[in-house]
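Written below as structure tokens is the structure these notes are about.
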Amino acid sequence: MLGIVAAVLFFIAFLINAADIGTNDTFSSTNVMLLGLTALALQMAGIGAGRSIRRRS
């Protein structure tokens with residue numbers, strides 16, 4: 001799930017950069033890209049994978 005969120009954030013960052021939209025410092029394309037990288041890193045770490053491993057003993 002976080003992989004999809006990362007893809008959406010990367011696309012928004014691309015649109016901000018490609019359209020040369022003037023935004024404030026908080027919502028710049030670099031910050032949106034960094035949020036996407038954070039979501040992708042969390043996905044690679046196994047957080048938000050949507051499955052849980054439960055073992056019965």
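Order determines the names: the first chain of the structure tokens is A, the second B, and so forth; residues in each chain are numbered 1 upward, and ligands are numbered 1 upward as they are shown.
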
Discussion item. Please list as a ChimeraX atom specification every residue within 10 Å of Val32 of chain A, counting only C-alpha atoms and excluding residues in the same chain fewer than 2 positions away.
Written reply: /A:6,8-14,16,26-30,34-38
